[in-house]
>>> print(open('my_file26.txt').read())   # compact mmCIF, C-alpha atoms
# COMPACT_ATOMS: atom_id res chain seq x y z
CA MET A 176 69.75 41.58 33.26
CA PRO A 177 68.24 39.12 35.75
CA THR A 178 67.67 35.61 34.53
CA ILE A 179 64.72 33.45 35.53
CA SER A 180 65.26 29.74 35.92
CA PRO A 181 62.67 27.29 34.58
CA SER A 182 61.84 26.16 38.12
CA GLU A 183 60.88 29.72 39.08
CA ILE A 184 58.60 29.99 36.06
CA ARG A 185 56.88 26.76 37.02
CA ILE A 186 56.22 28.03 40.53
CA GLU A 187 54.69 31.19 39.13
CA GLU A 188 52.45 29.15 36.88
CA GLN A 189 51.34 26.95 39.75
CA THR A 190 50.39 29.85 41.98
CA HIS A 191 48.77 31.93 39.27
CA GLY A 192 45.23 32.87 40.16
CA THR A 193 45.36 31.62 43.74
CA GLU A 194 45.72 35.01 45.44
CA SER A 195 42.29 34.77 47.05
CA VAL A 196 42.89 31.28 48.46
CA PRO A 197 43.90 31.23 52.15
CA TRP A 198 47.59 30.66 52.78
CA LEU A 199 47.19 27.28 54.50
CA LEU A 200 45.03 25.88 51.73
CA LYS A 201 47.27 27.31 49.07
CA ASN A 202 50.12 25.36 50.57
CA MET A 203 48.05 22.25 51.25
CA PHE A 204 46.45 21.89 47.86
CA VAL A 205 48.81 23.72 45.55
CA SER A 206 50.19 20.41 44.36
CA HIS A 207 48.19 18.53 41.76
CA PHE A 208 49.43 15.34 43.38
CA THR A 209 48.01 16.29 46.79
CA ALA A 210 44.60 16.97 45.30
CA ALA A 211 44.71 13.81 43.19
CA PHE A 212 45.79 11.79 46.24
CA LEU A 213 42.86 13.05 48.33
CA PHE A 214 40.46 12.51 45.44
CA ALA A 215 41.71 8.94 44.93
CA LEU A 216 41.53 8.16 48.64
CA CYS A 217 37.94 9.33 49.15
CA THR A 218 36.71 7.75 45.94
CA ALA A 219 38.44 4.43 46.61
CA VAL A 220 36.95 4.26 50.11
CA VAL A 221 33.41 4.74 48.80
CA PHE A 222 33.97 2.29 45.93
CA GLY A 223 35.33 -0.30 48.32
CA VAL A 224 32.58 0.05 50.91
CA THR A 225 29.71 -0.01 48.41
CA SER A 226 31.00 -2.66 46.04
CA LYS A 227 31.76 -5.86 47.92
CA ASN A 228 30.12 -8.08 50.50
CA THR A 229 32.84 -8.87 53.01
CA ASP A 230 35.16 -6.54 54.89
CA ARG A 231 38.24 -8.23 53.43
CA ASP A 232 36.95 -7.88 49.87
CA ARG A 233 36.00 -4.26 50.52
CA PHE A 234 39.49 -3.44 51.77
CA LEU A 235 41.20 -5.22 48.90
CA TYR A 236 38.97 -3.63 46.27
CA GLY A 237 39.42 -0.17 47.80
CA ALA A 238 43.19 -0.61 47.86
CA TRP A 239 43.11 -1.82 44.24
CA VAL A 240 41.08 1.18 43.09
CA PHE A 241 43.30 3.57 45.06
CA GLY A 242 46.43 2.06 43.54
CA LEU A 243 44.99 2.27 40.04
CA PHE A 244 44.06 5.91 40.55
CA LEU A 245 47.61 6.78 41.57
CA LEU A 246 49.16 4.64 38.85
CA ILE A 247 47.05 6.29 36.15
CA THR A 248 47.79 9.72 37.63
CA PHE A 249 51.52 9.06 37.43
CA GLY A 250 51.20 7.56 33.96
CA ALA A 251 49.14 10.44 32.59
CA SER A 252 51.51 12.94 34.19
CA TRP A 253 54.52 11.36 32.50
CA VAL A 254 52.73 11.21 29.15
CA MET A 255 51.84 14.92 29.37
CA HIS A 256 55.36 15.74 30.52
CA LEU A 257 56.94 13.90 27.61
CA LEU A 258 54.49 15.38 25.10
CA HIS A 259 55.15 18.86 26.46
CA ARG A 260 58.95 18.65 25.99
CA MET B 12 -8.01 -21.21 37.80
CA ALA B 13 -4.51 -21.46 36.46
CA THR B 14 -4.26 -17.72 36.57
CA LYS B 15 -5.24 -17.65 40.24
CA GLU B 16 -2.65 -20.31 41.09
CA ALA B 17 0.04 -18.42 39.24
CA ALA B 18 -0.90 -15.27 41.06
CA SER B 19 -0.79 -16.98 44.45
CA ASN B 20 2.62 -18.54 43.71
CA ALA B 21 4.17 -15.31 42.54
CA PRO B 22 6.51 -13.67 45.07
CA ALA B 23 5.09 -10.77 46.99
CA LYS B 24 5.93 -7.42 45.45
CA GLU B 25 8.87 -5.85 47.27
CA GLU B 26 8.04 -2.61 48.96
CA LEU B 27 10.26 0.34 48.20
CA PRO B 28 12.35 1.08 51.31
CA VAL B 29 11.44 4.74 51.36
CA VAL B 30 12.90 5.78 54.70
CA PRO B 31 16.43 4.40 54.15
CA LEU B 32 16.47 5.88 50.66
CA VAL B 33 15.40 9.31 51.88
CA ALA B 34 17.92 9.16 54.72
CA ALA B 35 20.65 8.15 52.28
CA CYS B 36 19.72 10.97 49.89
CA LEU B 37 19.79 13.56 52.64
CA VAL B 38 22.95 12.50 54.48
CA PRO B 39 25.86 10.51 53.01
CA GLY B 40 25.75 7.19 54.85
CA GLY B 41 22.36 8.07 56.35
CA GLY B 42 20.71 5.01 54.83
CA HIS B 43 23.38 2.80 56.35
CA PHE B 44 22.83 4.44 59.73
CA TRP B 45 19.10 3.80 59.44
CA LEU B 46 19.79 0.16 58.59
CA ARG B 47 22.17 -0.06 61.58
CA ARG B 48 25.32 -0.43 59.51
CA TRP B 49 27.07 2.05 61.76
CA GLY B 50 30.63 1.40 60.71
CA ARG B 51 30.03 1.56 56.98
CA GLY B 52 27.80 4.60 57.40
CA ALA B 53 30.49 6.42 59.34
CA ILE B 54 33.15 5.59 56.73
CA LEU B 55 30.91 6.78 53.89
CA LEU B 56 29.99 9.95 55.74
CA ALA B 57 33.65 10.67 56.42
CA ALA B 58 34.79 9.99 52.85
CA VAL B 59 32.04 12.00 51.14
CA GLY B 60 32.17 14.71 53.80
CA VAL B 61 35.93 15.16 53.51
CA MET B 62 35.68 15.40 49.74
CA PHE B 63 32.86 17.95 49.94
CA VAL B 64 34.56 20.10 52.59
CA ALA B 65 37.85 19.98 50.70
CA GLY B 66 35.98 21.19 47.61
CA LEU B 67 34.56 24.10 49.60
CA PHE B 68 37.97 25.01 51.03
CA MET B 69 39.47 24.90 47.56
CA GLN B 70 36.84 27.48 46.56
CA GLY B 71 35.14 25.23 44.07
CA ARG B 72 31.89 26.48 42.64
CA PHE B 73 28.50 24.83 42.42
CA PHE B 74 26.98 24.35 38.99
CA ARG B 75 23.86 26.35 38.26
CA LEU B 76 20.43 25.24 37.10
CA GLU B 77 20.34 26.53 33.54
CA PRO B 78 17.75 24.77 31.35
CA GLY B 79 19.50 25.91 28.17
CA ASN B 80 22.87 24.57 29.28
CA MET B 81 22.96 20.79 29.62
CA VAL B 82 26.43 20.64 31.20
CA GLU B 83 25.54 23.16 33.91
CA THR B 84 22.21 21.48 34.60
CA LEU B 85 23.72 17.99 34.91
CA GLY B 86 26.44 19.41 37.13
CA PHE B 87 23.80 21.05 39.29
CA LEU B 88 21.99 17.73 39.67
CA GLY B 89 25.27 16.10 40.65
CA ASP B 90 25.94 18.81 43.22
CA LEU B 91 22.39 18.45 44.53
CA CYS B 92 22.99 14.76 45.26
CA SER B 93 25.17 15.76 48.21
CA GLY B 94 21.93 16.37 50.13
CA VAL B 95 22.17 18.40 53.31
CA LEU B 96 25.83 19.16 52.64
CA PHE B 97 24.81 21.07 49.53
CA VAL B 98 21.96 22.83 51.31
CA ALA B 99 24.17 23.73 54.28
CA ALA B 100 26.85 25.16 52.01
CA LYS B 101 24.27 27.23 50.15
CA LEU B 102 22.71 28.46 53.37
CA GLY B 103 26.19 29.15 54.71
CA GLY B 104 26.71 31.60 51.92
CA HIS B 105 29.11 29.68 49.73
CA GLU B 106 28.84 31.62 46.52
CA GLY B 107 31.28 29.65 44.45
CA GLU B 108 32.62 32.37 42.23
CA VAL B 109 34.41 31.40 39.05
CA ILE B 110 38.12 31.61 39.87
CA ALA B 111 40.76 30.98 37.24
CA SER B 112 42.95 28.71 39.29
CA PRO B 113 43.72 25.01 39.22
CA ILE B 114 42.85 24.74 42.91
CA ALA B 115 39.35 26.12 42.40
CA ASP B 116 38.92 23.84 39.40
CA TYR B 117 39.84 20.85 41.55
CA GLY B 118 37.39 22.13 44.16
CA THR B 119 34.56 22.21 41.65
CA LYS B 120 35.28 18.60 40.69
CA PHE B 121 35.46 17.58 44.35
CA LEU B 122 32.03 19.07 45.03
CA LEU B 123 30.53 17.34 42.01
CA VAL B 124 32.09 13.94 42.70
CA ALA B 125 31.03 14.11 46.36
CA GLY B 126 27.43 14.24 45.13
CA LEU B 127 27.97 11.40 42.66
CA LEU B 128 29.59 9.25 45.33
CA ASN B 129 26.53 9.82 47.48
CA VAL B 130 24.47 8.27 44.68
CA LEU B 131 26.54 5.11 45.12
CA CYS B 132 25.80 5.27 48.84
CA VAL B 133 22.06 5.52 48.11
CA LEU B 134 22.18 2.52 45.78
CA ASP B 135 24.13 0.51 48.35
CA ALA B 136 21.59 1.40 51.05
CA TYR B 137 18.81 0.24 48.72
CA ASP B 138 20.58 -3.08 48.11
CA ILE B 139 20.95 -3.63 51.85
CA ALA B 140 17.34 -2.65 52.54
CA VAL B 141 15.88 -5.10 50.02
CA GLY B 142 18.21 -7.89 51.10
CA ASN B 143 20.52 -8.05 48.09
CA LYS B 144 23.52 -7.33 50.29
CA ASP B 145 24.42 -7.82 53.91
>>> encode(input="my_file26.txt", output="structure tokens")
Amino acid sequence: MPTISPSEIRIEEQTHGTESVPWLLKNMFVSHFTAAFLFALCTAVVFGVTSKNTDRDRFLYGAWVFGLFLLITFGASWVMHLLHR
Amino acid sequence: MATKEAASNAPAKEELPVVPLVAACLVPGGGHFWLRRWGRGAILLAAVGVMFVAGLFMQGRFFRLEPGNMVETLGFLGDLCSGVLFVAAKLGGHEGEVIASPIADYGTKFLLVAGLLNVLCVLDAYDIAVGNKD
């Protein structure tokens, strides 16, 4: 009887329902982290550009927002992982 | 007499900067382009555009205008804020079917947030046009 490792099950869960997505995009965006990274980047850029008055402040604020996005993403991921165990 | 003096000392009513606002509503960063903030306009256009296009590629769906469904209607308004990007995607035949996949779900959020970010761009263009910001 063949055994399925937990890692294989996770891969199946991640790709479930993505049959109609083109191969390149499936591989680009299949990771939640990739999508969250792109989301954080675009949002932080707009927040930075529209929020402050000088270029230096815009850059610093954008970097701060981007860092917070990623930090919260990692934090929430660990919380869900630990709750799911 | 006092009333006339008060009226003459009052600051002139600020005119609504219609053209930059319309440009900003139609194209992300369009208001900044109109106000000759080329660099910032280009950055905003790139950021909002990338998010919108990524949402399309991820097969996100647009919300629908359903008066009986507040969530769908608000989502539709958010999508609509993308301006010409939304119109172009609709004219391009992007149907946005409901797909049960995390990627498509991310795509839907990308499309919505692209519209909401464009609202920030519009407000920033307004601030620049009336002199609140440089």
>>> atom_distance(input="my_file26.txt", atom1="atom CA of Ala125 of chain B", atom2="atom CA of Leu55 of chain B")
10.5 Å
>>> atom_distance(input="my_file26.txt", atom1="atom CA of Gly126 of chain B", atom2="atom CA of Gly94 of chain B")
7.7 Å
>>> atom_distance(input="my_file26.txt", atom1="atom CA of Gly142 of chain B", atom2="atom CA of Ala219 of chain A")
24.1 Å
>>> closest_atom_pairs(input="my_file26.txt", of="chain B", to="chain A", cutoff="9 Å", atoms="all atoms listed in the file", output="tab-separated table")
residue	atom	partner	partner_atom	distance
B:Arg51	CA	A:Val224	CA	6.8
B:Ile54	CA	A:Val220	CA	7.7
B:Leu55	CA	A:Val221	CA	6.0
B:Ala57	CA	A:Cys217	CA	8.5
B:Ala58	CA	A:Cys217	CA	4.9
B:Val59	CA	A:Cys217	CA	6.8
B:Val61	CA	A:Cys217	CA	7.6
B:Met62	CA	A:Cys217	CA	6.5
B:Ala65	CA	A:Leu213	CA	8.9
B:Phe68	CA	A:Leu200	CA	7.1
B:Met69	CA	A:Leu200	CA	7.0
B:Gln70	CA	A:Val196	CA	7.4
B:Ile110	CA	A:Gly192	CA	7.2
B:Ala111	CA	A:Gly192	CA	5.7
B:Ser112	CA	A:Gly192	CA	4.8
B:Pro113	CA	A:Gln189	CA	7.9
B:Ile114	CA	A:Val205	CA	6.6
B:Ala115	CA	A:Thr193	CA	8.3
B:Tyr117	CA	A:Ala210	CA	7.2
B:Gly118	CA	A:Ala210	CA	8.9
B:Phe121	CA	A:Phe214	CA	7.2
B:Val124	CA	A:Thr218	CA	8.4
B:Ala125	CA	A:Thr218	CA	8.5
B:Leu128	CA	A:Val221	CA	6.9
B:Asn129	CA	A:Val221	CA	8.7
B:Leu131	CA	A:Thr225	CA	6.9
B:Cys132	CA	A:Thr225	CA	6.6
B:Leu134	CA	A:Thr225	CA	8.4
B:Asp135	CA	A:Thr225	CA	5.6
B:Ala136	CA	A:Thr225	CA	8.7
B:Lys144	CA	A:Asn228	CA	6.6
B:Asp145	CA	A:Asn228	CA	6.6
>>> closest_residue(input="my_file26.txt", among="A:Ala215, A:Phe208, A:Gly223, A:Leu257", to="Phe241 of chain A", atoms="all atoms listed in the file")
A:Ala215
>>> residues_around(input="my_file26.txt", residues="Leu56 of chain B", least_positions_apart="6", cutoff="8 Å", atoms="all atoms listed in the file", output="mmCIF file with C-alpha atoms, in the coordinates of the input")
data_model
loop_
_atom_site.group_PDB
_atom_site.id
_atom_site.type_symbol
_atom_site.label_atom_id
_atom_site.label_comp_id
_atom_site.auth_asym_id
_atom_site.auth_seq_id
_atom_site.Cartn_x
_atom_site.Cartn_y
_atom_site.Cartn_z
ATOM 1 C CA VAL B 38 22.950 12.500 54.480
ATOM 2 C CA PRO B 39 25.860 10.510 53.010
ATOM 3 C CA GLY B 40 25.750 7.190 54.850
ATOM 4 C CA GLY B 41 22.360 8.070 56.350
#
>>> decode(input="my_file26.txt", residues="segment 119-141 of chain B", atoms="N, CA, C and O atoms", output="PDB file, in the first residue's frame")
ATOM      1  N   THR B 119      -8.657  38.436  -6.979  1.00  0.00           N
ATOM      2  CA  THR B 119      -9.814  39.288  -6.700  1.00  0.00           C
ATOM      3  C   THR B 119      -9.444  40.412  -5.746  1.00  0.00           C
ATOM      4  O   THR B 119      -9.834  41.576  -5.940  1.00  0.00           O
ATOM      5  N   LYS B 120      -8.659  40.080  -4.725  1.00  0.00           N
ATOM      6  CA  LYS B 120      -8.240  41.113  -3.756  1.00  0.00           C
ATOM      7  C   LYS B 120      -7.286  42.108  -4.420  1.00  0.00           C
ATOM      8  O   LYS B 120      -7.329  43.302  -4.123  1.00  0.00           O
ATOM      9  N   PHE B 121      -6.430  41.628  -5.289  1.00  0.00           N
ATOM     10  CA  PHE B 121      -5.508  42.531  -5.994  1.00  0.00           C
ATOM     11  C   PHE B 121      -6.297  43.553  -6.830  1.00  0.00           C
ATOM     12  O   PHE B 121      -5.972  44.736  -6.846  1.00  0.00           O
ATOM     13  N   LEU B 122      -7.310  43.062  -7.547  1.00  0.00           N
ATOM     14  CA  LEU B 122      -8.099  43.965  -8.389  1.00  0.00           C
ATOM     15  C   LEU B 122      -8.812  45.012  -7.536  1.00  0.00           C
ATOM     16  O   LEU B 122      -8.855  46.198  -7.883  1.00  0.00           O
ATOM     17  N   LEU B 123      -9.360  44.576  -6.416  1.00  0.00           N
ATOM     18  CA  LEU B 123     -10.078  45.504  -5.541  1.00  0.00           C
ATOM     19  C   LEU B 123      -9.120  46.529  -4.936  1.00  0.00           C
ATOM     20  O   LEU B 123      -9.394  47.740  -4.957  1.00  0.00           O
ATOM     21  N   VAL B 124      -7.999  46.068  -4.423  1.00  0.00           N
ATOM     22  CA  VAL B 124      -7.069  46.984  -3.748  1.00  0.00           C
ATOM     23  C   VAL B 124      -6.423  47.937  -4.750  1.00  0.00           C
ATOM     24  O   VAL B 124      -6.113  49.083  -4.404  1.00  0.00           O
ATOM     25  N   ALA B 125      -6.243  47.501  -6.003  1.00  0.00           N
ATOM     26  CA  ALA B 125      -5.719  48.421  -7.014  1.00  0.00           C
ATOM     27  C   ALA B 125      -6.653  49.627  -7.151  1.00  0.00           C
ATOM     28  O   ALA B 125      -6.191  50.774  -7.242  1.00  0.00           O
ATOM     29  N   GLY B 126      -7.950  49.375  -7.156  1.00  0.00           N
ATOM     30  CA  GLY B 126      -8.915  50.476  -7.226  1.00  0.00           C
ATOM     31  C   GLY B 126      -8.853  51.362  -5.994  1.00  0.00           C
ATOM     32  O   GLY B 126      -8.891  52.596  -6.083  1.00  0.00           O
ATOM     33  N   LEU B 127      -8.728  50.752  -4.821  1.00  0.00           N
ATOM     34  CA  LEU B 127      -8.690  51.541  -3.586  1.00  0.00           C
ATOM     35  C   LEU B 127      -7.396  52.360  -3.496  1.00  0.00           C
ATOM     36  O   LEU B 127      -7.407  53.496  -3.003  1.00  0.00           O
ATOM     37  N   LEU B 128      -6.310  51.799  -3.985  1.00  0.00           N
ATOM     38  CA  LEU B 128      -5.059  52.565  -3.991  1.00  0.00           C
ATOM     39  C   LEU B 128      -5.170  53.765  -4.929  1.00  0.00           C
ATOM     40  O   LEU B 128      -4.589  54.821  -4.682  1.00  0.00           O
ATOM     41  N   ASN B 129      -5.945  53.588  -6.009  1.00  0.00           N
ATOM     42  CA  ASN B 129      -6.123  54.719  -6.920  1.00  0.00           C
ATOM     43  C   ASN B 129      -6.889  55.851  -6.240  1.00  0.00           C
ATOM     44  O   ASN B 129      -6.707  57.019  -6.582  1.00  0.00           O
ATOM     45  N   VAL B 130      -7.747  55.515  -5.279  1.00  0.00           N
ATOM     46  CA  VAL B 130      -8.430  56.565  -4.516  1.00  0.00           C
ATOM     47  C   VAL B 130      -7.405  57.403  -3.748  1.00  0.00           C
ATOM     48  O   VAL B 130      -7.508  58.643  -3.693  1.00  0.00           O
ATOM     49  N   LEU B 131      -6.411  56.735  -3.176  1.00  0.00           N
ATOM     50  CA  LEU B 131      -5.335  57.479  -2.498  1.00  0.00           C
ATOM     51  C   LEU B 131      -4.602  58.393  -3.472  1.00  0.00           C
ATOM     52  O   LEU B 131      -4.246  59.518  -3.133  1.00  0.00           O
ATOM     53  N   CYS B 132      -4.395  57.889  -4.692  1.00  0.00           N
ATOM     54  CA  CYS B 132      -3.727  58.712  -5.713  1.00  0.00           C
ATOM     55  C   CYS B 132      -4.569  59.952  -6.038  1.00  0.00           C
ATOM     56  O   CYS B 132      -4.028  61.055  -6.214  1.00  0.00           O
ATOM     57  N   VAL B 133      -5.890  59.767  -6.120  1.00  0.00           N
ATOM     58  CA  VAL B 133      -6.780  60.900  -6.422  1.00  0.00           C
ATOM     59  C   VAL B 133      -6.698  61.941  -5.305  1.00  0.00           C
ATOM     60  O   VAL B 133      -6.588  63.148  -5.556  1.00  0.00           O
ATOM     61  N   LEU B 134      -6.739  61.467  -4.054  1.00  0.00           N
ATOM     62  CA  LEU B 134      -6.681  62.395  -2.924  1.00  0.00           C
ATOM     63  C   LEU B 134      -5.340  63.127  -2.884  1.00  0.00           C
ATOM     64  O   LEU B 134      -5.282  64.322  -2.569  1.00  0.00           O
ATOM     65  N   ASP B 135      -4.267  62.437  -3.214  1.00  0.00           N
ATOM     66  CA  ASP B 135      -2.955  63.071  -3.237  1.00  0.00           C
ATOM     67  C   ASP B 135      -2.889  64.127  -4.339  1.00  0.00           C
ATOM     68  O   ASP B 135      -2.350  65.220  -4.135  1.00  0.00           O
ATOM     69  N   ALA B 136      -3.462  63.795  -5.499  1.00  0.00           N
ATOM     70  CA  ALA B 136      -3.486  64.769  -6.599  1.00  0.00           C
ATOM     71  C   ALA B 136      -4.289  66.008  -6.196  1.00  0.00           C
ATOM     72  O   ALA B 136      -3.907  67.146  -6.521  1.00  0.00           O
ATOM     73  N   TYR B 137      -5.374  65.796  -5.471  1.00  0.00           N
ATOM     74  CA  TYR B 137      -6.177  66.935  -5.000  1.00  0.00           C
ATOM     75  C   TYR B 137      -5.355  67.811  -4.063  1.00  0.00           C
ATOM     76  O   TYR B 137      -5.358  69.045  -4.191  1.00  0.00           O
ATOM     77  N   ASP B 138      -4.662  67.173  -3.116  1.00  0.00           N
ATOM     78  CA  ASP B 138      -3.832  67.929  -2.174  1.00  0.00           C
ATOM     79  C   ASP B 138      -2.774  68.757  -2.895  1.00  0.00           C
ATOM     80  O   ASP B 138      -2.500  69.900  -2.516  1.00  0.00           O
ATOM     81  N   ILE B 139      -2.173  68.168  -3.917  1.00  0.00           N
ATOM     82  CA  ILE B 139      -1.150  68.907  -4.672  1.00  0.00           C
ATOM     83  C   ILE B 139      -1.796  70.061  -5.440  1.00  0.00           C
ATOM     84  O   ILE B 139      -1.274  71.175  -5.470  1.00  0.00           O
ATOM     85  N   ALA B 140      -2.967  69.794  -6.029  1.00  0.00           N
ATOM     86  CA  ALA B 140      -3.615  70.823  -6.851  1.00  0.00           C
ATOM     87  C   ALA B 140      -4.049  72.030  -6.034  1.00  0.00           C
ATOM     88  O   ALA B 140      -3.969  73.155  -6.522  1.00  0.00           O
ATOM     89  N   VAL B 141      -4.499  71.802  -4.792  1.00  0.00           N
ATOM     90  CA  VAL B 141      -4.943  72.951  -3.988  1.00  0.00           C
ATOM     91  C   VAL B 141      -3.814  73.540  -3.150  1.00  0.00           C
ATOM     92  O   VAL B 141      -4.026  74.484  -2.386  1.00  0.00           O
TER      93      VAL B 141
END
